[in-house]
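The block underneath contains the structure these notes are about, expressed in structure tokens.
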Amino acid sequence: MFETISKGFRAARERLTGKGELSEDVIDAALKDVRLSLLEADVEFRTVKKFLRAVKAKALGEEVQLVAKGKDGKVRVRPEDHFVHICHEALVELMGPVDTSLARANKGVTGIMMVGLQGSGKTTTTGKLARKLQKEGHKVMLVAADVYRPAAIHQLQVLGERLGVPVFARPGANPVDICRDATEQAAMEGMDFVLYDTAGRLTVDDALMEELEKIESSVHPANIFLVIDAMIGQDAVQTAKAFDERLELTGVVLTKLDGDARGGAALSIKAATGKPIKFLGMGESLDKLEDFRPEGLAGRILG
Ligand code: GDP
């Protein structure tokens with residue numbers, strides 16, 4: 001999933017192999033390889049600059065030279081290994097920190113509002129999250145709040161049946177009323193979590209945002225997750241900013257990383273929007289949801 005970026009780091013590593021030390025010229029040459037691969041992977045431009053600046057500062061920094069020589073001045077670390085170590089640290093800083101736990105309501109049922117563009121994987125991710133919560137022993141209800149596409153309601157009902165989770169649906173009704181009534185019912189039934197699968201559009205538009213704002217102010221969900229398709233690359237940044245302006249997102253779920261050789265969105269989102277990625281969609285089936293762990297991803301990128 002990070003083949004493009006990994007290729008750049010591999011090239012940089014090879015370039016450093018056999019070099020005596022990490023001089024500025026040598027670092028600049030290695031960073032050129034990294035820069036090209038980050039841009040090719042569609043990492044947002046400013047994020048690329050921020051990352052390269054951080055790596056260079058670390059590589060030239062005093063602290064780093066100490067590590068390279070060892071505290072007693074004898075141990076030598078190979079420059080290429082040292083460079084990888086620095087890049088690992090910088091990648092983790094770029095993507096983190098992230099707390100993948102869910103916020104809980106002060107009392108009663110906890111709401112999770114799922115928002116995103118059509119086709120981003122919102123309904124699938126709603127099912128995946130329901131499964132995760134169910135496995136943790138929670139009682140979960142799903143709410144079909146995408147009333148514009150009958151197929152979406154049906155899709156959620158199929159998922160609910162498969163999971164053995166109740167689905168609140170009222171085709172034709174107003175989504176705000178649906179979410180409010182569903183929340184009341186979930187509370188009465190002693191549910192722990194209620195997941196609202198809201199409508200998406202092909203692009204961010206005002207009517208969609210207004211509807212989502214109304215749902216938000218009616219049910220006050222503790223979590224608002226934006227689901228984004230990783231394939232859209234750095235457009236993910238604009239999408240996240242547009243949703244966050246209206247909704248105060250609490251986190252992002254990045255889907256379809258399994259089919260994306262670039263993975264640029266995973267690196268850009270936090271740095272460019274301040275919003276943490278909470279989960280990753282790694283396939284179509286319901287068990288393909290991973291907690292977002294910057295250390296693990298940095299490891300995968302650097303091989
Ligand atoms: P929605 O319109 O946002 O509700 O999107 P859907 O949940 O209907 O998903 C759209 C398509 O993306 C479906 O074919 C899903 O099976 C697929 N999909 C969702 N998440 C993932 C993922 O993490 N990986 C892959 N490969 N496909 C996914």
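The way I read the labels, and the way they are meant: chains A, B, ... in the order of the structure tokens, residue 1 as the first residue of every chain, and ligand 1 as the first ligand shown, with later ones counted on from there.
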
Which protein, DNA or RNA residues have an atom within 8 Å of ligand 1, counting only C-alpha atoms and all ligand atoms, as an MDAnalysis selection string? chainID A and resid 116:126 152 155 197 199:200 227 229 254:259 280:285 288:289

List as a PyMOL selection string the protein and nucleic acid residues near Leu297 (chain A), meaning an atom at most 9 Å away when only C-alpha atoms are counted, but skip any in the same chain fewer than 5 places from it. chain A and resi 2+91-92+292+302

Rounded to one decimal, what separation in Å do you get between CA of Lys128 (chain A) and CA of Leu226 (chain A)? 14.4 Å

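Proximity to Glu93 (chain A) at 10 Å, evaluated using only C-alpha atoms and with sequence-adjacent residues fewer than 2 positions away removed, yields A:Phe51, A:Ala54, A:Cys87, A:His88, A:Glu89, A:Ala90, A:Leu91, A:Met95, A:Gly96, A:Pro97, A:Lys270, A:Ala271, A:Pro294, A:Glu295, A:Ala298.
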
Save the residues we just selected, N, CA and C atoms, as an mmCIF file, in the first residue's frame?
data_model
loop_
_atom_site.group_PDB
_atom_site.id
_atom_site.type_symbol
_atom_site.label_atom_id
_atom_site.label_comp_id
_atom_site.auth_asym_id
_atom_site.auth_seq_id
_atom_site.Cartn_x
_atom_site.Cartn_y
_atom_site.Cartn_z
ATOM 1 N N PHE A 51 7.827 17.653 5.970
ATOM 2 C CA PHE A 51 8.508 16.397 6.302
ATOM 3 C C PHE A 51 10.006 16.475 5.988
ATOM 4 N N ALA A 54 11.893 18.577 8.413
ATOM 5 C CA ALA A 54 12.067 17.900 9.705
ATOM 6 C C ALA A 54 13.199 16.875 9.636
ATOM 7 N N CYS A 87 14.063 9.110 9.554
ATOM 8 C CA CYS A 87 12.844 9.166 8.746
ATOM 9 C C CYS A 87 11.684 8.505 9.490
ATOM 10 N N HIS A 88 11.972 7.422 10.182
ATOM 11 C CA HIS A 88 10.942 6.732 10.956
ATOM 12 C C HIS A 88 10.346 7.687 11.984
ATOM 13 N N GLU A 89 11.221 8.338 12.709
ATOM 14 C CA GLU A 89 10.771 9.305 13.729
ATOM 15 C C GLU A 89 9.929 10.416 13.109
ATOM 16 N N ALA A 90 10.403 10.944 11.977
ATOM 17 C CA ALA A 90 9.704 12.069 11.348
ATOM 18 C C ALA A 90 8.345 11.627 10.794
ATOM 19 N N LEU A 91 8.273 10.402 10.267
ATOM 20 C CA LEU A 91 6.996 9.892 9.754
ATOM 21 C C LEU A 91 5.986 9.737 10.886
ATOM 22 N N MET A 95 2.339 11.732 11.207
ATOM 23 C CA MET A 95 1.023 11.056 11.176
ATOM 24 C C MET A 95 0.351 11.015 12.546
ATOM 25 N N GLY A 96 1.103 11.253 13.607
ATOM 26 C CA GLY A 96 0.555 11.112 14.946
ATOM 27 C C GLY A 96 0.479 12.438 15.663
ATOM 28 N N PRO A 97 0.213 12.459 16.976
ATOM 29 C CA PRO A 97 -0.174 11.275 17.747
ATOM 30 C C PRO A 97 -1.652 10.972 17.520
ATOM 31 N N LYS A 270 -3.290 14.366 8.720
ATOM 32 C CA LYS A 270 -3.064 14.942 10.042
ATOM 33 C C LYS A 270 -2.256 16.242 9.931
ATOM 34 N N ALA A 271 -1.201 16.186 9.110
ATOM 35 C CA ALA A 271 -0.328 17.357 8.989
ATOM 36 C C ALA A 271 -1.077 18.543 8.389
ATOM 37 N N PRO A 294 0.671 5.003 13.728
ATOM 38 C CA PRO A 294 1.745 5.643 12.952
ATOM 39 C C PRO A 294 3.054 4.838 12.966
ATOM 40 N N GLU A 295 3.392 4.234 14.114
ATOM 41 C CA GLU A 295 4.661 3.486 14.184
ATOM 42 C C GLU A 295 4.642 2.308 13.211
ATOM 43 N N ALA A 298 4.855 3.622 9.612
ATOM 44 C CA ALA A 298 6.213 4.093 9.285
ATOM 45 C C ALA A 298 7.096 2.870 9.007
#

Would you list the contacts of Ala59 (chain A) as a PyMOL selection string, taking every protein, DNA or RNA residue within 10 Å and counting only C-alpha atoms, but skipping same-chain residues closer than 6 positions in sequence? chain A and resi 22-24+27+53+65+68+79+82-83+85-87

Give me, as a ChimeraX atom specification, all polymer residues having an atom no more than 7 Å from region 234-243 of chain A, counting only C-alpha atoms and skipping those fewer than 4 positions away in the same chain. /A:42-44,228,247,264-265,268-269,272-273

Create the file for the chosen residues now, containing N, CA, C and O atoms and written as an mmCIF file, in the first residue's frame.
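Below is the file that was written, part-v4.cif:
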data_model
loop_
_atom_site.group_PDB
_atom_site.id
_atom_site.type_symbol
_atom_site.label_atom_id
_atom_site.label_comp_id
_atom_site.auth_asym_id
_atom_site.auth_seq_id
_atom_site.Cartn_x
_atom_site.Cartn_y
_atom_site.Cartn_z
ATOM 1 N N ASP A 42 1.321 11.359 -4.253
ATOM 2 C CA ASP A 42 0.266 12.352 -4.053
ATOM 3 C C ASP A 42 0.124 12.808 -2.603
ATOM 4 O O ASP A 42 -0.977 13.054 -2.119
ATOM 5 N N VAL A 43 1.252 12.895 -1.928
ATOM 6 C CA VAL A 43 1.249 13.533 -0.604
ATOM 7 C C VAL A 43 1.136 15.037 -0.862
ATOM 8 O O VAL A 43 1.731 15.554 -1.805
ATOM 9 N N GLU A 44 0.350 15.703 -0.041
ATOM 10 C CA GLU A 44 0.119 17.132 -0.243
ATOM 11 C C GLU A 44 1.444 17.901 -0.205
ATOM 12 O O GLU A 44 2.310 17.627 0.628
ATOM 13 N N ILE A 228 -12.958 8.654 4.181
ATOM 14 C CA ILE A 228 -12.336 9.123 2.929
ATOM 15 C C ILE A 228 -11.695 7.958 2.190
ATOM 16 O O ILE A 228 -11.019 7.118 2.796
ATOM 17 N N LEU A 247 -18.506 20.814 10.565
ATOM 18 C CA LEU A 247 -18.920 19.768 11.509
ATOM 19 C C LEU A 247 -17.983 19.475 12.673
ATOM 20 O O LEU A 247 -18.328 18.678 13.533
ATOM 21 N N GLY A 264 -0.699 8.336 -0.188
ATOM 22 C CA GLY A 264 -0.351 9.717 0.130
ATOM 23 C C GLY A 264 -1.270 10.356 1.163
ATOM 24 O O GLY A 264 -0.827 11.142 2.005
ATOM 25 N N ALA A 265 -2.561 10.008 1.108
ATOM 26 C CA ALA A 265 -3.530 10.619 2.026
ATOM 27 C C ALA A 265 -3.190 10.291 3.479
ATOM 28 O O ALA A 265 -3.390 11.116 4.369
ATOM 29 N N SER A 268 -0.752 12.865 4.595
ATOM 30 C CA SER A 268 -1.118 14.288 4.529
ATOM 31 C C SER A 268 -2.165 14.717 5.549
ATOM 32 O O SER A 268 -2.115 15.844 6.042
ATOM 33 N N ILE A 269 -3.128 13.862 5.823
ATOM 34 C CA ILE A 269 -4.343 14.299 6.534
ATOM 35 C C ILE A 269 -4.042 15.006 7.853
ATOM 36 O O ILE A 269 -4.475 16.130 8.078
ATOM 37 N N ALA A 272 -1.952 18.274 7.422
ATOM 38 C CA ALA A 272 -2.589 19.380 6.700
ATOM 39 C C ALA A 272 -3.892 19.837 7.341
ATOM 40 O O ALA A 272 -4.320 20.966 7.114
ATOM 41 N N THR A 273 -4.537 18.990 8.129
ATOM 42 C CA THR A 273 -5.845 19.386 8.668
ATOM 43 C C THR A 273 -5.894 19.338 10.192
ATOM 44 O O THR A 273 -6.828 19.846 10.788
#

From CA of Asp260 (chain A) to CA of Asp33 (chain A) the spacing works out at 20.5 Å
